[in-house]
Amino acid sequence: MTCIKEGAYLSVPSKIAANPKINQGPGKWNLFGLALLLPVTLLTAWQVLGDLGLISDLLFPTPYAIGVAFVELSKSGVLWKHIGVSVQRVVTGFLIGASLGFVVGIAVGLFRRTEKLLDPTVQMIRMIPSLAIVPLFVLWFGIGELSKILIIAQATFFQLYINTFLGIRNVDKKLFEVTYVLGYSRFQQIIRLVLPAALPNILLGVRISFGISWLGLVVAELTASTSGIGYMMSDARQFSNTPVVFVGIFLFAVLGLTADSLIRLLQIRMLRWKSAIYR
């Protein structure tokens, strides 16, 4: 007689339910290692090619040379001064542009007449490249902090405006019928229905806008500036100090990624009711 082990007739779904570990995906550290695989491989190949003399040291200094330049700038204190100036400009410009974009987006999204009045003009200005506006801002406001902050604010405004507008217009009309039944006032509709329903779009706009604010910072600092990461890169370029230029590029990448990660954490916390999407 053939001996059949107990549990041999368990179906596949039953086995999965009996062993929850089967449902688990790759661990956090496995995902972290996977994310590092490509950049570590590229940096290693870059270093090897540079050591073998297969790429130009002037155009592509090795990661080791860039690291040495970073350490020297850090020890001198110059690097931290430039980082502080750039971060202050980005945050100030972002707060101004994002606030205006949020307020105008709400006004246009809630009222059809406001949309007819403002949206065509805003869309027309949005089509003007930022680089075309920079000389005008410098002419109007000089090369001081005001012109740089306004360039960043201008770059930040439109994404949050568009996402706020779309978020409000995409609110389900059936939800408004529920608020009518509950006797909500117009103010209560905005606070309890419109803004919570539009929040995913608004937070997406915040995330995109903050990323674009770094682009505005680069444009502002490379055009006319005496401090900041962009100025540091421009000054190094004039003296063919390529490692310092790459230090600035990597700084923009790290600072931008850090800011984006923080905003994404805020997005997840504020959208817990949609947590299944972010798992």
# chains A, B, ... in the order shown; residues from 1 in each chain; ligands from 1
>>> residues_around(residues="stretch 65-79 of chain A", least_positions_apart="6", cutoff="7 Å", atoms="only C-alpha atoms", output="list in words")
Pro243, Val244, Phe246 and Val247 of chain A
>>> write_last_selection(atoms="N, CA and C atoms", output="tab-separated table (two decimals), in the first residue's frame")
chain	number	residue	atom	x	y	z
A	243	PRO	N	36.57	68.03	-11.70
A	243	PRO	CA	36.07	67.30	-10.52
A	243	PRO	C	35.09	68.11	-9.68
A	244	VAL	N	35.32	69.42	-9.54
A	244	VAL	CA	34.41	70.26	-8.77
A	244	VAL	C	33.06	70.38	-9.49
A	246	PHE	N	31.70	68.05	-11.28
A	246	PHE	CA	31.00	66.80	-11.00
A	246	PHE	C	30.52	66.75	-9.55
A	247	VAL	N	31.27	67.35	-8.64
A	247	VAL	CA	30.80	67.43	-7.25
A	247	VAL	C	29.47	68.17	-7.19
>>> select_by_dssp(residues="stretch 33-242 of chain A", states="alpha helix (DSSP H)", output="ChimeraX atom specification")
/A:33-51,63-76,78-110,112-126,130-141,145-169,173-182,186-189,195-223,229-238,242
>>> atom_distance(atom1="atom CA of A:Ser185", atom2="atom CA of A:Arg269")
28.4 Å
>>> closest_residue(among="A:Pro61, A:Gly142, A:Gly101, A:Gly211", to="A:Ser225", atoms="only C-alpha atoms")
A:Gly142
>>> decode(residues="stretch 103-119 of chain A", atoms="all heavy atoms", output="PDB file, in the first residue's frame")
ATOM      1  N   VAL A 103      -3.287  78.305  -4.371  1.00  0.00           N
ATOM      2  CA  VAL A 103      -4.423  79.226  -4.216  1.00  0.00           C
ATOM      3  C   VAL A 103      -5.115  79.466  -5.555  1.00  0.00           C
ATOM      4  O   VAL A 103      -6.352  79.382  -5.658  1.00  0.00           O
ATOM      5  CB  VAL A 103      -3.954  80.562  -3.604  1.00  0.00           C
ATOM      6  CG1 VAL A 103      -5.078  81.589  -3.629  1.00  0.00           C
ATOM      7  CG2 VAL A 103      -3.469  80.349  -2.174  1.00  0.00           C
ATOM      8  N   VAL A 104      -4.336  79.741  -6.592  1.00  0.00           N
ATOM      9  CA  VAL A 104      -4.937  79.989  -7.916  1.00  0.00           C
ATOM     10  C   VAL A 104      -5.586  78.721  -8.459  1.00  0.00           C
ATOM     11  O   VAL A 104      -6.644  78.763  -9.081  1.00  0.00           O
ATOM     12  CB  VAL A 104      -3.869  80.529  -8.888  1.00  0.00           C
ATOM     13  CG1 VAL A 104      -4.467  80.735 -10.283  1.00  0.00           C
ATOM     14  CG2 VAL A 104      -3.300  81.846  -8.376  1.00  0.00           C
ATOM     15  N   GLY A 105      -4.968  77.562  -8.216  1.00  0.00           N
ATOM     16  CA  GLY A 105      -5.546  76.298  -8.662  1.00  0.00           C
ATOM     17  C   GLY A 105      -6.887  76.031  -8.013  1.00  0.00           C
ATOM     18  O   GLY A 105      -7.826  75.549  -8.661  1.00  0.00           O
ATOM     19  N   ILE A 106      -7.025  76.341  -6.718  1.00  0.00           N
ATOM     20  CA  ILE A 106      -8.304  76.171  -6.032  1.00  0.00           C
ATOM     21  C   ILE A 106      -9.356  77.113  -6.612  1.00  0.00           C
ATOM     22  O   ILE A 106     -10.496  76.719  -6.884  1.00  0.00           O
ATOM     23  CB  ILE A 106      -8.131  76.415  -4.516  1.00  0.00           C
ATOM     24  CG1 ILE A 106      -7.352  75.265  -3.892  1.00  0.00           C
ATOM     25  CG2 ILE A 106      -9.488  76.543  -3.835  1.00  0.00           C
ATOM     26  CD1 ILE A 106      -7.087  75.447  -2.413  1.00  0.00           C
ATOM     27  N   ALA A 107      -8.956  78.376  -6.802  1.00  0.00           N
ATOM     28  CA  ALA A 107      -9.906  79.366  -7.323  1.00  0.00           C
ATOM     29  C   ALA A 107     -10.394  78.986  -8.717  1.00  0.00           C
ATOM     30  O   ALA A 107     -11.601  79.064  -9.014  1.00  0.00           O
ATOM     31  CB  ALA A 107      -9.253  80.745  -7.341  1.00  0.00           C
ATOM     32  N   VAL A 108      -9.482  78.552  -9.566  1.00  0.00           N
ATOM     33  CA  VAL A 108      -9.862  78.179 -10.932  1.00  0.00           C
ATOM     34  C   VAL A 108     -10.640  76.871 -10.946  1.00  0.00           C
ATOM     35  O   VAL A 108     -11.579  76.699 -11.736  1.00  0.00           O
ATOM     36  CB  VAL A 108      -8.599  78.092 -11.814  1.00  0.00           C
ATOM     37  CG1 VAL A 108      -8.937  77.526 -13.195  1.00  0.00           C
ATOM     38  CG2 VAL A 108      -7.959  79.463 -11.951  1.00  0.00           C
ATOM     39  N   GLY A 109     -10.270  75.943 -10.068  1.00  0.00           N
ATOM     40  CA  GLY A 109     -10.960  74.660 -10.036  1.00  0.00           C
ATOM     41  C   GLY A 109     -12.376  74.746  -9.498  1.00  0.00           C
ATOM     42  O   GLY A 109     -13.249  73.984  -9.920  1.00  0.00           O
ATOM     43  N   LEU A 110     -12.619  75.670  -8.577  1.00  0.00           N
ATOM     44  CA  LEU A 110     -13.938  75.756  -7.951  1.00  0.00           C
ATOM     45  C   LEU A 110     -14.928  76.606  -8.731  1.00  0.00           C
ATOM     46  O   LEU A 110     -16.137  76.358  -8.675  1.00  0.00           O
ATOM     47  CB  LEU A 110     -13.795  76.325  -6.528  1.00  0.00           C
ATOM     48  CG  LEU A 110     -13.132  75.422  -5.492  1.00  0.00           C
ATOM     49  CD1 LEU A 110     -12.955  76.174  -4.177  1.00  0.00           C
ATOM     50  CD2 LEU A 110     -13.959  74.162  -5.265  1.00  0.00           C
ATOM     51  N   PHE A 111     -14.445  77.581  -9.458  1.00  0.00           N
ATOM     52  CA  PHE A 111     -15.350  78.551 -10.094  1.00  0.00           C
ATOM     53  C   PHE A 111     -15.092  78.617 -11.594  1.00  0.00           C
ATOM     54  O   PHE A 111     -13.972  78.895 -12.022  1.00  0.00           O
ATOM     55  CB  PHE A 111     -15.172  79.938  -9.465  1.00  0.00           C
ATOM     56  CG  PHE A 111     -15.323  79.948  -7.967  1.00  0.00           C
ATOM     57  CD1 PHE A 111     -14.197  80.057  -7.161  1.00  0.00           C
ATOM     58  CD2 PHE A 111     -16.566  79.818  -7.372  1.00  0.00           C
ATOM     59  CE1 PHE A 111     -14.315  80.061  -5.783  1.00  0.00           C
ATOM     60  CE2 PHE A 111     -16.688  79.819  -5.989  1.00  0.00           C
ATOM     61  CZ  PHE A 111     -15.569  79.941  -5.202  1.00  0.00           C
ATOM     62  N   ARG A 112     -16.136  78.380 -12.380  1.00  0.00           N
ATOM     63  CA  ARG A 112     -16.021  78.399 -13.835  1.00  0.00           C
ATOM     64  C   ARG A 112     -15.647  79.783 -14.355  1.00  0.00           C
ATOM     65  O   ARG A 112     -14.887  79.920 -15.310  1.00  0.00           O
ATOM     66  CB  ARG A 112     -17.354  77.964 -14.455  1.00  0.00           C
ATOM     67  CG  ARG A 112     -17.742  76.525 -14.152  1.00  0.00           C
ATOM     68  CD  ARG A 112     -16.919  75.544 -14.955  1.00  0.00           C
ATOM     69  NE  ARG A 112     -17.325  74.168 -14.701  1.00  0.00           N
ATOM     70  CZ  ARG A 112     -16.750  73.113 -15.274  1.00  0.00           C
ATOM     71  NH1 ARG A 112     -15.759  73.285 -16.122  1.00  0.00           N
ATOM     72  NH2 ARG A 112     -17.167  71.900 -14.982  1.00  0.00           N
ATOM     73  N   ARG A 113     -16.200  80.817 -13.752  1.00  0.00           N
ATOM     74  CA  ARG A 113     -15.893  82.165 -14.214  1.00  0.00           C
ATOM     75  C   ARG A 113     -14.422  82.505 -13.988  1.00  0.00           C
ATOM     76  O   ARG A 113     -13.787  83.153 -14.825  1.00  0.00           O
ATOM     77  CB  ARG A 113     -16.784  83.177 -13.492  1.00  0.00           C
ATOM     78  CG  ARG A 113     -18.270  83.074 -13.875  1.00  0.00           C
ATOM     79  CD  ARG A 113     -19.097  84.125 -13.162  1.00  0.00           C
ATOM     80  NE  ARG A 113     -20.507  84.030 -13.531  1.00  0.00           N
ATOM     81  CZ  ARG A 113     -21.466  84.802 -13.049  1.00  0.00           C
ATOM     82  NH1 ARG A 113     -21.151  85.743 -12.138  1.00  0.00           N
ATOM     83  NH2 ARG A 113     -22.714  84.654 -13.439  1.00  0.00           N
ATOM     84  N   THR A 114     -13.897  82.073 -12.844  1.00  0.00           N
ATOM     85  CA  THR A 114     -12.480  82.295 -12.582  1.00  0.00           C
ATOM     86  C   THR A 114     -11.620  81.536 -13.583  1.00  0.00           C
ATOM     87  O   THR A 114     -10.573  82.028 -14.018  1.00  0.00           O
ATOM     88  CB  THR A 114     -12.125  81.853 -11.154  1.00  0.00           C
ATOM     89  OG1 THR A 114     -13.035  82.441 -10.230  1.00  0.00           O
ATOM     90  CG2 THR A 114     -10.713  82.259 -10.794  1.00  0.00           C
ATOM     91  N   GLU A 115     -12.055  80.344 -13.961  1.00  0.00           N
ATOM     92  CA  GLU A 115     -11.324  79.574 -14.970  1.00  0.00           C
ATOM     93  C   GLU A 115     -11.279  80.326 -16.290  1.00  0.00           C
ATOM     94  O   GLU A 115     -10.224  80.426 -16.930  1.00  0.00           O
ATOM     95  CB  GLU A 115     -11.984  78.211 -15.158  1.00  0.00           C
ATOM     96  CG  GLU A 115     -11.299  77.365 -16.228  1.00  0.00           C
ATOM     97  CD  GLU A 115     -12.055  76.084 -16.532  1.00  0.00           C
ATOM     98  OE1 GLU A 115     -13.125  75.865 -15.920  1.00  0.00           O
ATOM     99  OE2 GLU A 115     -11.580  75.315 -17.386  1.00  0.00           O
ATOM    100  N   LYS A 116     -12.428  80.858 -16.724  1.00  0.00           N
ATOM    101  CA  LYS A 116     -12.475  81.599 -17.978  1.00  0.00           C
ATOM    102  C   LYS A 116     -11.612  82.851 -17.918  1.00  0.00           C
ATOM    103  O   LYS A 116     -11.022  83.262 -18.928  1.00  0.00           O
ATOM    104  CB  LYS A 116     -13.917  81.981 -18.313  1.00  0.00           C
ATOM    105  CG  LYS A 116     -14.853  80.797 -18.553  1.00  0.00           C
ATOM    106  CD  LYS A 116     -14.432  79.993 -19.776  1.00  0.00           C
ATOM    107  CE  LYS A 116     -15.418  78.849 -20.033  1.00  0.00           C
ATOM    108  NZ  LYS A 116     -14.990  78.021 -21.205  1.00  0.00           N
ATOM    109  N   LEU A 117     -11.529  83.446 -16.738  1.00  0.00           N
ATOM    110  CA  LEU A 117     -10.774  84.681 -16.590  1.00  0.00           C
ATOM    111  C   LEU A 117      -9.269  84.456 -16.530  1.00  0.00           C
ATOM    112  O   LEU A 117      -8.492  85.182 -17.179  1.00  0.00           O
ATOM    113  CB  LEU A 117     -11.239  85.408 -15.314  1.00  0.00           C
ATOM    114  CG  LEU A 117     -10.481  86.683 -14.932  1.00  0.00           C
ATOM    115  CD1 LEU A 117     -10.698  87.763 -15.993  1.00  0.00           C
ATOM    116  CD2 LEU A 117     -10.908  87.170 -13.564  1.00  0.00           C
ATOM    117  N   LEU A 118      -8.821  83.441 -15.778  1.00  0.00           N
ATOM    118  CA  LEU A 118      -7.397  83.290 -15.481  1.00  0.00           C
ATOM    119  C   LEU A 118      -6.695  82.198 -16.285  1.00  0.00           C
ATOM    120  O   LEU A 118      -5.530  82.348 -16.651  1.00  0.00           O
ATOM    121  CB  LEU A 118      -7.206  83.007 -13.987  1.00  0.00           C
ATOM    122  CG  LEU A 118      -7.629  84.109 -13.015  1.00  0.00           C
ATOM    123  CD1 LEU A 118      -7.388  83.652 -11.574  1.00  0.00           C
ATOM    124  CD2 LEU A 118      -6.874  85.394 -13.288  1.00  0.00           C
ATOM    125  N   ASP A 119      -7.380  81.071 -16.510  1.00  0.00           N
ATOM    126  CA  ASP A 119      -6.687  79.906 -17.062  1.00  0.00           C
ATOM    127  C   ASP A 119      -6.046  80.155 -18.427  1.00  0.00           C
ATOM    128  O   ASP A 119      -4.904  79.729 -18.637  1.00  0.00           O
ATOM    129  CB  ASP A 119      -7.644  78.714 -17.138  1.00  0.00           C
ATOM    130  CG  ASP A 119      -6.917  77.434 -17.497  1.00  0.00           C
ATOM    131  OD1 ASP A 119      -6.072  76.982 -16.700  1.00  0.00           O
ATOM    132  OD2 ASP A 119      -7.183  76.888 -18.590  1.00  0.00           O
TER     133      ASP A 119
END
